[in-house]
Amino acid sequence: MAVKDDKPLGEMRRVEVEIFGEVYRLRTEDPDGLAKLVRMVDSTMKSISQSTRTFAGSRIAVLAALKIAEDYVQLKKDYDELLQLLDENK
């Protein structure tokens, strides 16, 4: 995803992104951060589409959302456990 303007970071700008073959026009203050999210979602959807028998984009999107949520919950759990260990060692 490339942004071809010189607006300073923090100023809203419109960008076009492609996720799983669909183009979305979005507004963001951080095009580079959005690009990372887009790559993650697109990659997850492509991976899921290769391991399932469905071709329905909406079903693949829901499965991708569940996978990303599962990853988030695991990371949050690991982070909380790490904080607890650090507190115990003070």
# chains A, B, ... in the order shown; residues from 1 in each chain; ligands from 1

call {"tool": "select_by_dssp", "arguments": {"residues": "chain A", "states": "strand (DSSP E or B)", "output": "JSON, numbers by chain"}}
result
{"A": [13, 14, 15, 16, 17, 18, 19, 22, 23, 24, 25, 26, 27, 28]}

call {"tool": "select_by_dssp", "arguments": {"residues": "chain A", "states": "helix (DSSP H, G or I)", "output": "ChimeraX atom specification"}}
result
/A:31-51,57-88

call {"tool": "residues_around", "arguments": {"residues": "segment 19-32 of chain A", "least_positions_apart": "6", "cutoff": "6 Å", "atoms": "only C-alpha atoms", "output": "PDB file with N, CA and C atoms, in the first residue's frame"}}
result
ATOM      1  N   GLY A  10      -0.344  11.860  11.518  1.00  0.00           N
ATOM      2  CA  GLY A  10      -1.341  12.363  12.459  1.00  0.00           C
ATOM      3  C   GLY A  10      -2.479  13.072  11.766  1.00  0.00           C
ATOM      4  N   GLU A  11      -2.302  13.423  10.501  1.00  0.00           N
ATOM      5  CA  GLU A  11      -3.378  14.060   9.749  1.00  0.00           C
ATOM      6  C   GLU A  11      -4.124  12.982   8.962  1.00  0.00           C
ATOM      7  N   MET A  12      -5.443  13.031   9.010  1.00  0.00           N
ATOM      8  CA  MET A  12      -6.243  12.008   8.327  1.00  0.00           C
ATOM      9  C   MET A  12      -6.014  12.084   6.821  1.00  0.00           C
ATOM     10  N   ARG A  13      -5.910  10.924   6.220  1.00  0.00           N
ATOM     11  CA  ARG A  13      -5.791  10.850   4.766  1.00  0.00           C
ATOM     12  C   ARG A  13      -6.549   9.631   4.267  1.00  0.00           C
ATOM     13  N   ASP A  42      -4.933  -9.789   5.217  1.00  0.00           N
ATOM     14  CA  ASP A  42      -4.899 -10.421   3.898  1.00  0.00           C
ATOM     15  C   ASP A  42      -4.198 -11.771   3.965  1.00  0.00           C
TER      16      ASP A  42
END

call {"tool": "closest_residue", "arguments": {"among": "A:Ala35, A:Leu75, A:Ala69, A:Ala64", "to": "Thr52 of chain A", "atoms": "only C-alpha atoms"}}
result
A:Ala64

call {"tool": "closest_residue", "arguments": {"among": "A:Asp78, A:Glu70, A:Glu88, A:Glu18", "to": "Val38 of chain A", "atoms": "only C-alpha atoms"}}
result
A:Glu18

call {"tool": "atom_distance", "arguments": {"atom1": "atom CA of Val17 of chain A", "atom2": "atom CA of Asp71 of chain A"}}
result
23.1 Å

call {"tool": "atom_distance", "arguments": {"atom1": "atom CA of Met45 of chain A", "atom2": "atom CA of Glu81 of chain A"}}
result
29.5 Å

call {"tool": "closest_residue", "arguments": {"among": "A:Ile48, A:Leu83, A:Val41, A:Ala56", "to": "Ile68 of chain A", "atoms": "only C-alpha atoms"}}
result
A:Val41
